[in-house]
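Colleague: Sharing query38.txt below, compact mmCIF, C-alpha atoms (C1' of nucleotides):
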# COMPACT_ATOMS: atom_id res chain seq x y z
CA MET T 1 -34.62 144.34 30.35
CA ASN T 2 -33.62 140.85 31.30
CA TYR T 3 -32.49 138.22 28.85
CA LEU T 4 -35.79 136.37 28.54
CA MET T 5 -37.86 139.47 27.97
CA LYS T 6 -35.47 141.05 25.47
CA ASN T 7 -34.35 138.00 23.51
CA VAL T 8 -37.17 135.54 23.85
CA GLU T 9 -40.65 136.62 24.89
CA MET T 10 -40.86 140.02 23.16
CA PRO T 11 -39.40 138.94 19.79
CA LEU T 12 -41.64 135.87 19.96
CA ILE T 13 -44.88 137.83 19.97
CA PRO T 14 -45.08 138.45 16.20
CA VAL T 15 -44.03 134.83 15.61
CA VAL T 16 -46.95 133.56 17.66
CA ALA T 17 -49.27 136.02 15.93
CA GLU T 18 -48.33 134.50 12.58
CA LEU T 19 -48.55 130.95 13.88
CA GLU T 20 -52.09 131.66 15.08
CA ALA T 21 -53.03 133.34 11.80
CA ASN T 22 -51.66 130.43 9.79
CA GLY T 23 -53.50 127.62 11.56
CA TYR T 24 -53.40 123.99 10.40
CA GLN T 25 -55.32 122.59 7.42
CA ILE T 26 -57.92 119.97 8.38
CA ASP T 27 -59.32 117.17 6.20
CA CYS T 28 -62.89 117.65 7.40
CA GLY T 29 -64.21 114.72 5.35
CA TYR T 30 -61.87 112.42 7.21
CA PHE T 31 -63.39 113.31 10.56
CA THR T 32 -67.02 113.33 9.45
CA ALA T 33 -66.52 109.89 7.89
CA LEU T 34 -64.79 108.60 11.01
CA LYS T 35 -67.58 109.87 13.22
CA ALA T 36 -70.25 108.34 10.96
CA TYR T 37 -68.45 105.01 11.23
CA LEU T 38 -67.85 105.09 14.98
CA GLU T 39 -71.23 106.26 16.26
CA PRO T 40 -73.18 103.12 15.24
CA GLU T 41 -70.36 100.94 16.59
CA GLN T 42 -70.55 102.84 19.86
CA ALA T 43 -74.33 102.36 20.00
CA LEU T 44 -73.86 98.59 19.77
CA VAL T 45 -71.34 98.57 22.62
CA LEU T 46 -73.68 100.71 24.69
CA ALA T 47 -76.56 98.29 24.12
CA ASP T 48 -74.27 95.45 25.13
CA ILE T 49 -73.32 97.20 28.36
CA GLN T 50 -76.94 98.09 29.11
CA ALA T 51 -77.89 94.44 28.76
CA THR T 52 -75.88 93.95 31.93
CA ALA T 53 -76.58 97.21 33.70
CA GLY T 54 -80.08 98.30 32.66
CA ALA T 55 -81.38 100.55 29.91
CA GLU T 56 -80.98 103.78 31.88
CA PHE T 57 -77.32 103.16 32.58
CA ASN T 58 -74.79 105.72 31.31
CA PRO T 59 -71.23 104.34 31.32
CA ALA T 60 -69.88 107.87 30.79
CA SER T 61 -70.98 108.76 34.31
CA PRO T 62 -68.26 107.87 36.83
CA LYS T 63 -70.87 107.93 39.57
CA GLN T 64 -73.21 105.45 37.87
CA LEU T 65 -70.26 103.33 36.85
CA SER T 66 -68.90 103.11 40.39
CA LYS T 67 -72.30 102.02 41.65
CA LEU T 68 -72.47 99.27 39.03
CA LEU T 69 -68.95 97.96 39.54
CA TYR T 70 -68.48 98.29 43.26
CA GLU T 71 -72.01 97.99 44.67
CA ASP T 72 -74.09 95.92 42.22
CA LEU T 73 -71.30 93.63 41.00
CA GLY T 74 -69.26 93.76 44.19
CA LEU T 75 -65.89 94.14 42.50
CA PRO T 76 -62.99 95.19 44.73
CA VAL T 77 -62.06 98.88 44.94
CA LEU T 78 -58.40 99.11 43.91
CA LYS T 79 -57.93 102.84 43.92
CA LYS T 80 -59.64 105.99 45.14
CA THR T 81 -60.00 109.35 43.43
CA GLU T 82 -58.54 112.62 44.67
CA LYS T 83 -61.71 113.22 46.69
CA GLY T 84 -61.90 109.68 48.03
CA SER T 85 -64.53 108.08 45.80
CA PRO T 86 -63.88 104.63 44.33
CA SER T 87 -61.99 105.15 41.08
CA SER T 88 -63.05 103.60 37.81
CA ASP T 89 -60.19 104.94 35.73
CA GLU T 90 -58.46 102.98 33.02
CA GLU T 91 -55.83 101.62 35.38
CA SER T 92 -58.42 100.19 37.76
CA LEU T 93 -60.62 98.82 35.01
CA TYR T 94 -57.66 97.17 33.33
CA SER T 95 -56.92 95.29 36.54
CA LEU T 96 -60.57 94.23 36.81
CA ARG T 97 -60.97 93.21 33.17
CA ASP T 98 -61.06 89.47 33.95
CA ALA T 99 -63.40 89.86 36.93
CA HIS T 100 -66.50 90.58 34.83
CA PRO T 101 -67.12 90.69 31.06
CA VAL T 102 -68.72 94.13 31.22
CA VAL T 103 -65.44 95.72 32.30
CA GLY T 104 -63.77 95.20 28.94
CA LYS T 105 -66.78 96.63 27.14
CA ILE T 106 -66.65 99.73 29.31
CA LEU T 107 -62.99 100.18 28.49
CA GLU T 108 -63.85 99.96 24.81
CA TYR T 109 -66.77 102.38 25.23
CA ARG T 110 -64.51 104.89 26.96
CA LYS T 111 -61.80 104.69 24.31
CA THR T 112 -64.19 105.16 21.42
CA GLY T 113 -66.13 107.83 23.29
CA LYS T 114 -62.96 109.86 23.73
CA ILE T 115 -62.30 109.70 19.99
CA ILE T 116 -65.87 110.66 19.06
CA SER T 117 -66.41 113.46 21.55
CA THR T 118 -62.94 114.98 21.59
CA TYR T 119 -61.29 114.17 18.27
CA CYS T 120 -64.11 114.02 15.71
CA SER T 121 -65.34 117.57 16.32
CA PHE T 122 -62.71 119.44 14.31
CA PRO T 123 -65.07 120.12 11.35
CA ASN T 124 -67.15 122.24 13.75
CA GLU T 125 -64.09 124.13 14.95
CA VAL T 126 -62.36 125.13 11.72
CA ASP T 127 -62.65 128.45 9.93
CA SER T 128 -64.31 128.73 6.51
CA ASP T 129 -61.00 127.83 4.81
CA SER T 130 -60.92 124.47 6.68
CA ARG T 131 -58.03 125.58 8.84
CA LEU T 132 -58.01 125.02 12.59
CA ARG T 133 -56.68 128.08 14.39
CA PRO T 134 -55.79 127.37 18.01
CA GLU T 135 -54.78 130.17 20.34
CA TYR T 136 -51.29 129.83 21.79
CA ASN T 137 -50.58 131.27 25.24
CA GLN T 138 -46.84 131.84 25.26
CA MET T 139 -46.76 132.21 29.06
CA GLY T 140 -49.31 129.47 29.69
CA ALA T 141 -47.15 127.09 31.71
CA ILE T 142 -44.95 128.24 34.59
CA THR T 143 -41.98 126.58 32.86
CA GLY T 144 -42.39 128.80 29.81
CA ARG T 145 -43.97 126.13 27.70
CA PHE T 146 -46.89 127.12 25.53
CA THR T 147 -50.41 126.13 26.30
CA ALA T 148 -52.87 126.00 23.43
CA THR T 149 -56.57 125.58 22.74
CA LYS T 150 -58.43 123.28 20.38
CA LYS T 151 -56.55 120.13 21.39
CA ILE T 152 -53.66 120.85 19.06
CA GLN T 153 -51.17 119.67 21.71
CA THR T 154 -52.98 116.44 22.58
CA LEU T 155 -53.78 114.63 19.37
CA PRO T 156 -53.55 110.86 19.93
CA LYS T 157 -50.39 109.24 18.65
CA ASN T 158 -50.29 105.73 17.15
CA ASP T 159 -54.02 105.39 17.73
CA ARG T 160 -56.22 102.89 15.90
CA TYR T 161 -57.95 105.57 13.79
CA GLY T 162 -55.02 107.73 12.76
CA ILE T 163 -56.39 111.04 14.01
CA ARG T 164 -53.20 112.80 12.95
CA ASN T 165 -53.84 111.78 9.33
CA GLY T 166 -56.62 114.36 9.29
CA PHE T 167 -54.10 117.19 9.78
CA ILE T 168 -52.84 117.85 6.28
CA ALA T 169 -50.93 120.02 3.85
CA PRO T 170 -52.92 121.38 0.88
CA LEU T 171 -52.20 120.05 -2.60
CA GLY T 172 -48.85 121.33 -3.79
CA PHE T 173 -47.47 121.56 -0.26
CA LYS T 174 -45.90 119.20 2.28
CA ILE T 175 -45.67 119.24 6.05
CA VAL T 176 -42.05 119.49 7.21
CA GLY T 177 -41.33 118.76 10.88
CA ALA T 178 -38.22 119.40 12.96
CA ASP T 179 -37.77 117.64 16.34
CA PHE T 180 -35.17 118.16 19.02
CA GLU T 181 -34.24 114.54 19.77
CA GLN T 182 -34.23 113.73 23.51
CA GLN T 183 -34.29 117.46 24.15
CA GLU T 184 -34.71 117.27 27.92
CA LEU T 185 -31.87 114.78 28.34
CA TYR T 186 -29.58 117.08 26.38
CA ILE T 187 -30.67 119.91 28.66
CA LEU T 188 -30.00 117.81 31.75
CA ALA T 189 -26.49 117.08 30.48
CA ALA T 190 -25.93 120.73 29.66
CA VAL T 191 -27.19 122.30 32.88
CA SER T 192 -25.62 119.67 35.15
CA GLY T 193 -22.35 119.74 33.22
CA ASP T 194 -22.01 116.00 33.77
CA GLN T 195 -18.97 114.99 31.71
CA ALA T 196 -19.92 111.35 31.24
CA MET T 197 -23.33 112.33 29.91
CA LEU T 198 -21.92 115.09 27.71
CA ASP T 199 -19.31 112.71 26.28
CA ALA T 200 -21.86 110.01 25.56
CA ILE T 201 -24.08 112.49 23.74
CA ALA T 202 -21.19 114.05 21.84
CA ASN T 203 -20.05 110.61 20.67
CA GLY T 204 -23.53 109.47 19.72
CA ILE T 205 -23.54 106.65 22.27
CA ASP T 206 -26.90 105.23 23.41
CA LEU T 207 -27.30 106.89 26.83
CA HIS T 208 -29.63 104.28 28.29
CA GLY T 209 -27.37 101.52 26.99
CA LEU T 210 -24.30 103.13 28.53
CA ALA T 211 -25.97 103.58 31.90
CA ALA T 212 -27.31 100.01 31.88
CA LYS T 213 -23.88 98.64 31.02
CA LYS T 214 -22.29 100.46 33.94
CA VAL T 215 -25.07 99.95 36.48
CA PHE T 216 -25.30 96.20 35.83
CA GLY T 217 -21.68 95.61 34.86
CA LEU T 218 -22.57 94.27 31.41
CA ALA T 219 -19.74 93.05 29.20
CA CYS T 220 -21.05 94.24 25.81
CA ASN T 221 -20.72 97.66 24.19
CA PRO T 222 -23.26 100.33 25.17
CA ASP T 223 -24.85 100.22 21.73
CA GLU T 224 -25.39 96.44 21.97
CA VAL T 225 -27.36 96.67 25.22
CA LYS T 226 -30.58 97.49 23.38
CA ILE T 227 -30.39 94.10 21.62
CA LEU T 228 -28.74 91.93 24.28
CA HIS T 229 -30.31 93.28 27.49
CA PRO T 230 -33.48 95.16 26.57
CA GLU T 231 -35.08 94.71 30.01
CA LYS T 232 -32.06 96.14 31.83
CA ARG T 233 -31.94 99.04 29.42
CA GLY T 234 -35.64 99.59 30.03
CA GLN T 235 -35.09 99.81 33.79
CA VAL T 236 -32.38 102.41 33.38
CA LYS T 237 -34.53 104.30 30.92
CA SER T 238 -37.21 104.51 33.60
CA VAL T 239 -34.70 105.97 36.04
CA GLN T 240 -33.60 108.48 33.45
CA PHE T 241 -37.19 109.43 32.65
CA GLY T 242 -38.03 109.63 36.34
CA ILE T 243 -35.17 112.01 37.04
CA LEU T 244 -36.59 114.51 34.58
CA TYR T 245 -39.90 114.43 36.45
CA GLY T 246 -38.58 114.30 40.01
CA MET T 247 -39.63 110.73 40.63
CA GLU T 248 -38.73 109.16 43.94
CA ALA T 249 -37.59 105.61 44.71
CA GLN T 250 -40.99 104.32 45.82
CA SER T 251 -42.61 105.20 42.50
CA LEU T 252 -39.79 103.56 40.61
CA ALA T 253 -40.17 100.46 42.74
CA ASN T 254 -43.86 100.29 41.87
CA LYS T 255 -43.19 100.92 38.19
CA LEU T 256 -40.60 98.17 37.88
CA SER T 257 -42.11 95.82 40.48
CA LEU T 258 -38.97 96.04 42.58
CA SER T 259 -38.51 96.32 46.33
CA LEU T 260 -37.90 99.81 47.64
CA LYS T 261 -34.33 98.80 48.41
CA ALA T 262 -33.71 97.48 44.90
CA ALA T 263 -35.11 100.66 43.41
CA GLU T 264 -32.84 102.77 45.61
CA GLU T 265 -29.86 100.72 44.54
CA LEU T 266 -30.81 101.15 40.90
CA ILE T 267 -30.97 104.94 41.33
CA ASP T 268 -27.67 104.94 43.26
CA GLY T 269 -26.06 102.94 40.48
CA TYR T 270 -27.32 105.41 37.92
CA PHE T 271 -25.95 108.35 39.89
CA LYS T 272 -22.54 106.68 40.11
CA VAL T 273 -22.44 106.71 36.31
CA PHE T 274 -23.53 110.35 36.11
CA PRO T 275 -22.32 111.88 39.40
CA ASP T 276 -22.81 115.52 38.42
CA VAL T 277 -26.45 114.84 37.59
CA LYS T 278 -26.90 113.78 41.20
CA LEU T 279 -25.06 116.88 42.39
CA PHE T 280 -27.21 119.13 40.21
CA ILE T 281 -30.42 117.64 41.54
CA GLU T 282 -29.29 117.96 45.13
CA LYS T 283 -28.23 121.57 44.61
CA THR T 284 -31.52 122.40 42.92
CA ARG T 285 -33.60 120.92 45.72
CA ASP T 286 -31.46 122.57 48.41
CA LEU T 287 -31.87 125.97 46.78
CA ALA T 288 -35.64 125.57 46.68
CA VAL T 289 -35.73 124.63 50.36
CA LYS T 290 -33.49 127.55 51.25
CA ASN T 291 -35.16 130.24 49.11
CA GLY T 292 -38.69 129.03 48.40
CA CYS T 293 -38.07 129.72 44.72
CA LEU T 294 -35.69 128.81 41.93
CA VAL T 295 -34.38 130.20 38.66
CA ASP T 296 -33.36 128.25 35.57
CA VAL T 297 -30.26 128.93 33.43
CA PHE T 298 -32.10 131.50 31.32
CA GLY T 299 -33.49 133.36 34.35
CA ARG T 300 -37.01 131.96 34.42
CA LEU T 301 -38.45 132.03 37.94
CA LYS T 302 -40.70 129.61 39.78
CA LEU T 303 -42.01 130.10 43.30
CA VAL T 304 -42.09 126.91 45.37
CA PRO T 305 -43.14 128.05 48.85
CA ASP T 306 -44.18 124.50 49.76
CA ALA T 307 -40.55 123.41 49.47
CA GLN T 308 -40.02 125.19 52.82
CA ILE T 309 -42.66 123.20 54.66
CA THR T 310 -41.29 121.51 57.76
CA SER T 311 -44.54 120.47 59.42
CA LYS T 312 -44.60 116.70 59.37
CA SER T 313 -48.31 116.55 58.61
CA LYS T 314 -47.70 118.29 55.27
CA LEU T 315 -44.67 116.42 53.98
CA GLY T 316 -46.73 115.24 51.02
CA LEU T 317 -47.03 118.84 49.89
CA GLN T 318 -43.32 119.36 50.32
CA SER T 319 -42.55 116.24 48.31
CA LYS T 320 -44.73 117.50 45.49
CA ALA T 321 -42.98 120.88 45.59
CA LEU T 322 -39.59 119.18 45.41
CA ARG T 323 -40.62 117.06 42.44
CA GLU T 324 -41.76 120.24 40.69
CA THR T 325 -38.45 121.80 41.67
CA GLN T 326 -36.48 118.98 40.11
CA ASN T 327 -38.43 119.15 36.85
CA PHE T 328 -38.50 122.92 36.50
CA PRO T 329 -34.93 123.79 35.42
CA ILE T 330 -35.04 121.12 32.75
CA GLN T 331 -38.49 121.74 31.29
CA ALA T 332 -37.99 125.52 31.51
CA ALA T 333 -34.67 125.54 29.66
CA ALA T 334 -36.13 123.24 27.02
CA ALA T 335 -39.06 125.61 26.52
CA THR T 336 -36.74 128.56 26.00
CA ILE T 337 -34.64 126.65 23.47
CA THR T 338 -37.76 125.83 21.45
CA LYS T 339 -38.86 129.47 21.59
CA LEU T 340 -35.45 130.54 20.29
CA ALA T 341 -35.85 128.02 17.48
CA MET T 342 -39.22 129.53 16.58
CA ILE T 343 -37.76 133.02 16.37
CA ARG T 344 -34.83 131.93 14.24
CA CYS T 345 -36.95 129.83 11.87
CA HIS T 346 -39.46 132.65 11.57
CA ASN T 347 -36.77 135.16 10.63
CA HIS T 348 -35.28 132.71 8.17
CA ILE T 349 -38.48 131.95 6.31
CA ARG T 350 -39.44 135.60 6.20
CA GLU T 351 -36.18 136.39 4.49
CA PHE T 352 -35.71 133.37 2.24
CA HIS T 353 -38.98 131.41 1.97
CA PRO T 354 -41.99 133.73 2.03
CA GLN T 355 -44.28 130.88 0.92
CA ILE T 356 -43.47 128.74 3.95
CA LYS T 357 -45.78 128.93 6.99
CA MET T 358 -45.02 127.84 10.56
CA ILE T 359 -48.09 125.83 11.55
CA LEU T 360 -47.23 124.08 14.82
CA SER T 361 -45.09 124.46 17.95
CA LEU T 362 -45.29 121.47 20.25
CA HIS T 363 -42.75 121.60 23.09
CA ASP T 364 -39.78 120.03 21.29
CA GLU T 365 -41.05 120.09 17.73
CA LEU T 366 -41.92 122.63 15.04
CA GLN T 367 -43.90 122.05 11.87
CA PHE T 368 -44.11 124.03 8.65
CA GLN T 369 -46.27 124.02 5.56
CA VAL T 370 -43.86 124.06 2.64
CA PRO T 371 -44.37 124.30 -1.15
CA ASP T 372 -43.35 121.04 -2.80
CA ASP T 373 -40.45 122.58 -4.69
CA GLU T 374 -38.93 124.09 -1.53
CA VAL T 375 -39.14 121.00 0.71
CA GLU T 376 -35.72 119.72 -0.21
CA HIS T 377 -33.94 123.00 0.35
CA PHE T 378 -35.74 123.96 3.55
CA ALA T 379 -35.39 120.50 5.11
CA SER T 380 -31.65 120.68 4.56
CA GLU T 381 -31.49 124.06 6.30
CA LEU T 382 -33.49 123.26 9.43
CA PRO T 383 -30.83 121.39 11.46
CA GLY T 384 -28.38 124.23 10.87
CA LEU T 385 -30.92 126.72 12.19
CA MET T 386 -31.67 124.76 15.36
CA THR T 387 -28.78 122.59 16.56
CA ASN T 388 -26.54 125.33 17.91
CA LEU T 389 -29.12 127.39 19.78
CA GLY T 390 -27.97 126.18 23.21
CA VAL T 391 -24.32 126.69 22.38
CA GLU T 392 -24.94 130.23 21.16
CA SER T 393 -27.42 131.37 23.78
CA PHE T 394 -25.93 129.88 26.90
CA GLY T 395 -22.63 128.22 26.09
CA PHE T 396 -24.00 124.67 26.19
CA LYS T 397 -21.12 122.33 25.46
CA ILE T 398 -22.99 120.20 22.97
CA PRO T 399 -25.22 120.94 19.98
CA PHE T 400 -28.73 119.52 19.88
CA LYS T 401 -29.65 116.76 17.52
CA VAL T 402 -32.50 117.74 15.21
CA SER T 403 -34.40 115.23 13.13
CA VAL T 404 -36.37 116.38 10.11
CA THR T 405 -39.49 114.68 8.80
CA SER T 406 -41.80 115.35 5.88
CA GLY T 407 -45.08 114.10 4.49
CA GLN T 408 -48.54 114.95 3.21
CA SER T 409 -50.09 114.83 6.70
CA TRP T 410 -49.05 114.96 10.35
CA GLY T 411 -49.86 111.29 10.66
CA SER T 412 -47.65 110.25 7.75
CA LEU T 413 -44.47 112.17 8.50
CA VAL T 414 -41.37 110.09 7.83
CA ALA T 415 -37.69 110.79 8.29
CA HIS T 416 -36.66 113.16 5.58
CA ARG T 417 -34.09 111.74 3.17
CA PRO T 418 -32.34 114.12 0.82
CA ALA T 419 -33.30 113.38 -2.79
CA SER T 420 -29.65 112.89 -3.66
CA LEU T 421 -29.62 109.68 -1.61
CA GLU T 422 -32.73 108.21 -3.20
CA CYS T 423 -31.24 107.16 -6.52
CA ALA T 424 -29.09 104.44 -4.90
CA ARG T 425 -31.75 101.84 -5.75
C1' DT V 1 -79.53 128.63 31.45
C1' DA V 2 -74.75 129.46 32.90
C1' DC V 3 -71.21 128.38 35.73
C1' DT V 4 -68.15 125.33 38.65
C1' DT V 5 -66.21 120.99 40.21
C1' DC V 6 -65.08 116.33 39.51
C1' DG V 7 -63.34 112.22 37.26
C1' DG V 8 -61.22 110.88 33.48
C1' DC V 9 -57.70 111.01 29.61
C1' DC V 10 -54.94 112.95 25.58
C1' DA V 11 -50.06 114.95 24.59
C1' DC V 12 -44.84 116.28 25.36
C1' DA F 1 -51.08 99.33 32.08
C1' DA F 2 -49.08 103.29 34.42
C1' DA F 3 -46.95 105.08 38.24
C1' DC F 4 -43.35 111.14 38.51
C1' DG F 5 -43.48 116.86 35.82
C1' DT F 6 -46.23 120.58 32.51
C1' DG F 7 -50.92 121.40 30.63
C1' DG F 8 -56.41 121.52 28.11
C1' DC F 9 -60.91 119.37 26.91
C1' DC F 10 -64.65 116.18 27.54
C1' DG F 11 -69.31 114.77 29.86
C1' DA F 12 -71.78 114.31 34.24
C1' DA F 13 -73.54 116.36 38.10
C1' DG F 14 -74.12 119.98 41.36
C1' DT F 15 -75.03 125.02 42.19
C1' DA F 16 -76.46 129.92 41.23
Written as structure tokens, that's how I'd like the structure from this file.
Modeller:
Amino acid sequence: MNYLMKNVEMPLIPVVAELEANGYQIDCGYFTALKAYLEPEQALVLADIQATAGAEFNPASPKQLSKLLYEDLGLPVLKKTEKGSPSSDEESLYSLRDAHPVVGKILEYRKTGKIISTYCSFPNEVDSDSRLRPEYNQMGAITGRFTATKKIQTLPKNDRYGIRNGFIAPLGFKIVGADFEQQELYILAAVSGDQAMLDAIANGIDLHGLAAKKVFGLACNPDEVKILHPEKRGQVKSVQFGILYGMEAQSLANKLSLSLKAAEELIDGYFKVFPDVKLFIEKTRDLAVKNGCLVDVFGRLKLVPDAQITSKSKLGLQSKALRETQNFPIQAAAATITKLAMIRCHNHIREFHPQIKMILSLHDELQFQVPDDEVEHFASELPGLMTNLGVESFGFKIPFKVSVTSGQSWGSLVAHRPASLECAR
DNA sequence: TACTTCGGCCAC
DNA sequence: AAACGTGGCCGAAGTA
């Protein structure tokens, strides 16, 4: 049996079974109250919109909305959908918000509607013990990431209504979370073997700050860039982020409002700082073109037949395949690391903390429901369980950084501080 | 009614 | 405000 099957996917099956059986406690009253508050508000906004558009008008219908905006009101079409219809998505509406007062109201209606229809329905979806039990598909994404049902992976973050506050620990328990910090960047450093990136991570230097300093020839220390040159750091951060997702120069230019040439120079500058990252990306893309498939460091396979397209009329398809190619080895290795973390944490709590339940796995983060009197101990153990997984499984040169949080609900998790440090004040 | 497609939007 | 990768869920509208 290959590595992934023997050491990852098979041992993971009972872990996922438990995760699904455990579920996540929901504060149903929170969501019923929120819904009761929002629905009358939404009705007022609807009436307001219908005063402009007519009583039959449904702003939730993209078709009706397009007719209103682009035919009746004559607003300019800024963007088309996949199928070529005029788009009324958030991006377009945001640009049109000053062109007519109804546009802003529609944006508000959409935002609130999403909360009501998608995120206030949990009381109808929980079991009789008020726990939400999503199904996890451990082979759901081609990269090895999980997919899951019941919206558990897409709860709004930093939203006005605090949806995540409704995901709670029962009385006498806390939620404890463990995150791999900048997991995909660590993976990029590890799989590319780029020494400058590895060194920066090993020494705890701000990666974006370091890159910005070198690209723009700044005089300050890397860690001062965040304060002294936040906009330059932001540009480099976009390059860094884009590399993980296969972004090309034109998209970066649009994102940063730069010329194509300036964007290319920015990317070139970045690659001069981290030359082996550039080499890794080139090698990855070349392999996909040559073979029509690629394999990540753990042996996970992705077919990318479109990478071999040469017909000029289909270069868009090839570009998409190459972006997927660039992202795959990073996202796939990250997924395997998180799966290894699940297995190790599961084995650990079975042996030492039978009262602790794993209740969430979310790409680079795990959460547990922990009895109050075990929080301190378990939180102190988590980094030791997770940081060395890459080193041990594949000889990564650097350990991961794991941050631990705790709180009474998902929405109120804060950095966990050992109790021994709390008496200072 | 039941299913599919589309446009839209939430997360990592 | 995002824009690039991986996904699932919602309502509207069309089809069987």
Colleague: Would you compute the distance between CA of Val215 (chain T) and CA of Asp268 (chain T)? Give it in Å to one decimal.
Modeller: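 CA of Asp268 (chain T) lies at a distance of 8.8 Å from CA of Val215 (chain T).
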Colleague: Write down, as number ranges by chain, each residue of chain F that has any atom within 6 Å of an atom of chain T, counting only C-alpha atoms (C1' of nucleotides).
Modeller: F: 3-5, 12
Colleague: Could you please determine the separation between CA of Tyr3 (chain T) and CA of Ala190 (chain T) in Å, to one decimal place?
Modeller: 18.7 Å
Colleague: Please check the contacts: residues of chain V at most 9 Å away from chain T, using only C-alpha atoms (C1' of nucleotides), listed as a VMD selection string.
Modeller: chain V and resid 6 to 12
Colleague: Kindly export the residues of the current selection with C-alpha atoms (C1' of nucleotides), as a CSV table (one decimal), keeping the file's coordinate frame.
Modeller:
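As a result, part-v6.csv now contains:
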chain,number,residue,atom,x,y,z
V,6,DC,C1',-65.1,116.3,39.5
V,7,DG,C1',-63.3,112.2,37.3
V,8,DG,C1',-61.2,110.9,33.5
V,9,DC,C1',-57.7,111.0,29.6
V,10,DC,C1',-54.9,113.0,25.6
V,11,DA,C1',-50.1,115.0,24.6
V,12,DC,C1',-44.8,116.3,25.4
Colleague: What separation in Å, quoted to one decimal, exists between CA of Lys79 (chain T) and CA of Leu260 (chain T)?
Modeller: 20.6 Å
Colleague: May I have the residues within 7 Å of region 208-210 of chain T as a list of chain:residue names, using all atoms listed in the file and disregarding those fewer than 3 positions away in the same chain?
Modeller: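 Once the nearby chain positions are removed, what remains is T:Lys213, T:Lys214, T:Pro222, T:Asp223, T:Val225, T:Lys226, T:Arg233, T:Val236, T:Lys237.
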Colleague: What are the centre and the three edge lengths of an axis-aligned box that wraps all atoms of chain V in the file, given that 5 Å is added to every side, written as JSON and rounded to one decimal in Å?
Modeller:
{"center_x": -62.2, "center_y": 120.2, "center_z": 32.4, "size_x": 44.7, "size_y": 28.6, "size_z": 25.6}
